[in-house]
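Shown here: final14.pdb, PDB, C-alpha atoms and all ligand atoms.
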```
ATOM      1  CA  MET O   1      14.527   9.572   1.411  1.00  0.00           C
ATOM      2  CA  THR O   2      12.220   8.592  -1.383  1.00  0.00           C
ATOM      3  CA  TYR O   3       9.089  10.610  -1.872  1.00  0.00           C
ATOM      4  CA  GLU O   4       6.145   9.412  -3.841  1.00  0.00           C
ATOM      5  CA  TYR O   5       3.981  11.664  -5.896  1.00  0.00           C
ATOM      6  CA  LYS O   6       0.954  11.140  -8.052  1.00  0.00           C
ATOM      7  CA  CYS O   7       0.240  13.236 -11.079  1.00  0.00           C
ATOM      8  CA  ASP O   8      -3.022  15.160 -10.836  1.00  0.00           C
ATOM      9  CA  GLU O   9      -3.272  15.287 -14.604  1.00  0.00           C
ATOM     10  CA  CYS O  10      -2.642  11.752 -15.784  1.00  0.00           C
ATOM     11  CA  GLY O  11      -2.457   9.807 -12.531  1.00  0.00           C
ATOM     12  CA  ALA O  12       1.074   8.545 -13.054  1.00  0.00           C
ATOM     13  CA  GLY O  13       3.114   7.639 -10.002  1.00  0.00           C
ATOM     14  CA  ILE O  14       6.478   9.288  -9.564  1.00  0.00           C
ATOM     15  CA  GLU O  15       9.231   8.481  -7.119  1.00  0.00           C
ATOM     16  CA  VAL O  16      11.629  11.277  -6.188  1.00  0.00           C
ATOM     17  CA  ARG O  17      14.809  10.747  -4.241  1.00  0.00           C
ATOM     18  CA  ALA O  18      15.865  13.746  -2.204  1.00  0.00           C
ATOM     19  CA  SER O  19      17.279  14.605   1.164  1.00  0.00           C
ATOM     20  CA  MET O  20      15.090  16.171   3.809  1.00  0.00           C
ATOM     21  CA  ALA O  21      16.914  19.471   3.312  1.00  0.00           C
ATOM     22  CA  GLU O  22      16.128  19.369  -0.374  1.00  0.00           C
ATOM     23  CA  LYS O  23      12.530  18.526   0.415  1.00  0.00           C
ATOM     24  CA  GLU O  24      12.242  21.492   2.788  1.00  0.00           C
ATOM     25  CA  ARG O  25      13.635  23.812   0.177  1.00  0.00           C
ATOM     26  CA  GLY O  26      11.003  22.540  -2.186  1.00  0.00           C
ATOM     27  CA  LEU O  27      11.258  19.877  -4.806  1.00  0.00           C
ATOM     28  CA  ASN O  28      10.716  20.810  -8.384  1.00  0.00           C
ATOM     29  CA  VAL O  29       8.917  17.704  -9.519  1.00  0.00           C
ATOM     30  CA  GLU O  30       7.428  17.227 -12.902  1.00  0.00           C
ATOM     31  CA  CYS O  31       5.471  14.313 -14.253  1.00  0.00           C
ATOM     32  CA  PRO O  32       7.681  12.404 -16.687  1.00  0.00           C
ATOM     33  CA  ALA O  33       4.635  11.231 -18.595  1.00  0.00           C
ATOM     34  CA  CYS O  34       2.817  14.491 -19.291  1.00  0.00           C
ATOM     35  CA  GLY O  35       5.159  17.161 -17.920  1.00  0.00           C
ATOM     36  CA  SER O  36       2.621  18.491 -15.460  1.00  0.00           C
ATOM     37  CA  ALA O  37       3.843  20.086 -12.228  1.00  0.00           C
ATOM     38  CA  ARG O  38       0.555  19.406 -10.483  1.00  0.00           C
ATOM     39  CA  LEU O  39       1.643  16.545  -8.279  1.00  0.00           C
ATOM     40  CA  THR O  40       0.234  15.337  -5.001  1.00  0.00           C
ATOM     41  CA  GLN O  41       2.506  13.674  -2.513  1.00  0.00           C
ATOM     42  CA  VAL O  42       1.480  10.161  -1.593  1.00  0.00           C
ATOM     43  CA  PHE O  43       2.039   8.899   1.923  1.00  0.00           C
ATOM     44  CA  ARG O  44       2.256   5.172   2.322  1.00  0.00           C
ATOM     45  CA  THR O  45       0.326   3.740   5.227  1.00  0.00           C
ATOM     46  CA  LEU O  46       1.316   0.591   7.035  1.00  0.00           C
ATOM     47  CA  ASN O  47      -2.253  -0.350   7.819  1.00  0.00           C
ATOM     48  CA  VAL O  48      -3.464  -3.051   5.490  1.00  0.00           C
ATOM     49  CA  ILE O  49      -7.170  -3.553   5.077  1.00  0.00           C
ATOM     50  CA  ASN O  50      -8.119  -6.418   7.359  1.00  0.00           C
ATOM     51  CA  GLY O  51     -10.101  -8.584   4.991  1.00  0.00           C
ATOM     52  CA  ASN O  52      -8.234 -11.858   5.309  1.00  0.00           C
ATOM     53  CA  ARG O  53     -10.062 -14.174   7.688  1.00  0.00           C
ATOM     54  CA  SER O  54      -8.654 -17.449   6.368  1.00  0.00           C
ATOM     55  CA  SER O  55      -7.271 -18.270   9.799  1.00  0.00           C
ATOM     56  CA  SER O  56     -10.698 -18.491  11.412  1.00  0.00           C
ATOM     57  CA  PRO O  57     -10.852 -21.658  13.541  1.00  0.00           C
ATOM     58  CA  SER O  58     -14.494 -22.368  12.702  1.00  0.00           C
ATOM     59  CA  SER O  59     -13.650 -22.828   9.029  1.00  0.00           C
ATOM     60  CA  SER O  60     -10.845 -25.298   9.597  1.00  0.00           C
ATOM     61  CA  PRO O  61     -10.899 -28.084   6.998  1.00  0.00           C
ATOM     62  CA  CYS O  62     -10.017 -30.663   9.632  1.00  0.00           C
ATOM     63  CA  CYS O  63     -11.295 -31.531  13.112  1.00  0.00           C
ATOM     64  CA  SER O  64     -14.358 -29.330  13.184  1.00  0.00           C
ATOM     65  CA  PRO O  65     -15.908 -29.050  16.648  1.00  0.00           C
ATOM     66  CA  GLY O  66     -18.917 -31.365  16.783  1.00  0.00           C
ATOM     67  CA  PRO O  67     -20.090 -34.908  17.523  1.00  0.00           C
ATOM     68  CA  SER O  68     -17.976 -36.453  14.810  1.00  0.00           C
ATOM     69  CA  THR O  69     -14.513 -36.437  16.317  1.00  0.00           C
ATOM     70  CA  GLY O  70     -11.357 -38.254  15.330  1.00  0.00           C
ATOM     71  CA  CYS O  71     -11.081 -36.966  11.776  1.00  0.00           C
ATOM     72  CA  CYS O  72      -7.413 -36.297  12.329  1.00  0.00           C
ATOM     73  CA  GLY O  73      -6.653 -39.846  13.304  1.00  0.00           C
TER      74      GLY O  73
HETATM   75 ZN    ZN O 101       1.185  13.290 -15.641  1.00  0.00          ZN
END
```

Now, as a test, write the supplied structure out as structure tokens.
Amino acid sequence: MTYEYKCDECGAGIEVRASMAEKERGLNVECPACGSARLTQVFRTLNVINGNRSSSPSSSPCCSPGPSTGCCG
């Protein structure tokens, strides 16, 4: 397992490899940049912000619905 942490002091991202047993016992993680032990675990989410609407049919560059048909040959 790889756990991600973010330093509360300097904001650096840290990746820690440990087994789940090690994680349950408590990881002793320090920031390699500033040496701080104030780290917050980061959980990756699979949800990506849905801002890409490039596949909208109304904005197709070819064959737009309307009186002028036959643009695609
Ligand atoms: Zn730091």

Using all atoms listed in the file: which of O:Arg44, O:Met20, O:Thr2, O:Cys7 has the shortest distance to Pro32 in chain O: O:Cys7

What does the structure give for the distance between CA of Cys34 in chain O and CA of Ile14 in chain O, in Å to one decimal? 11.6 Å

Which protein, DNA or RNA residues have an atom within 10 Å of ligand ZN 101 (chain O), counting only C-alpha atoms and all ligand atoms, as a list of chain:residue names?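 So, counting only C-alpha atoms and all ligand atoms, the residues near ligand ZN 101 (chain O) are O:Lys6, O:Cys7, O:Asp8, O:Glu9, O:Cys10, O:Gly11, O:Ala12, O:Gly13, O:Ile14, O:Glu30, O:Cys31, O:Pro32, O:Ala33, O:Cys34, O:Gly35, O:Ser36, O:Ala37, O:Arg38, O:Leu39.
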
Any idea what the distance is between CA of Ala18 in chain O and CA of Tyr3 in chain O? 7.5 Å

So for range 28-47 of chain O, what box centre and size do we get, axis-aligned, 6 Å extra on each of the six sides, every listed atom, Å to one decimal, as AutoDock Vina command-line options?
```
--center_x 4.2 --center_y 10.2 --center_z -5.7 --size_x 25.0 --size_y 33.2 --size_z 39.1
```

Between CA of Thr45 in chain O and CA of Leu27 in chain O - distance in Å to one decimal: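 CA of Thr45 in chain O lies at a distance of 21.9 Å from CA of Leu27 in chain O.
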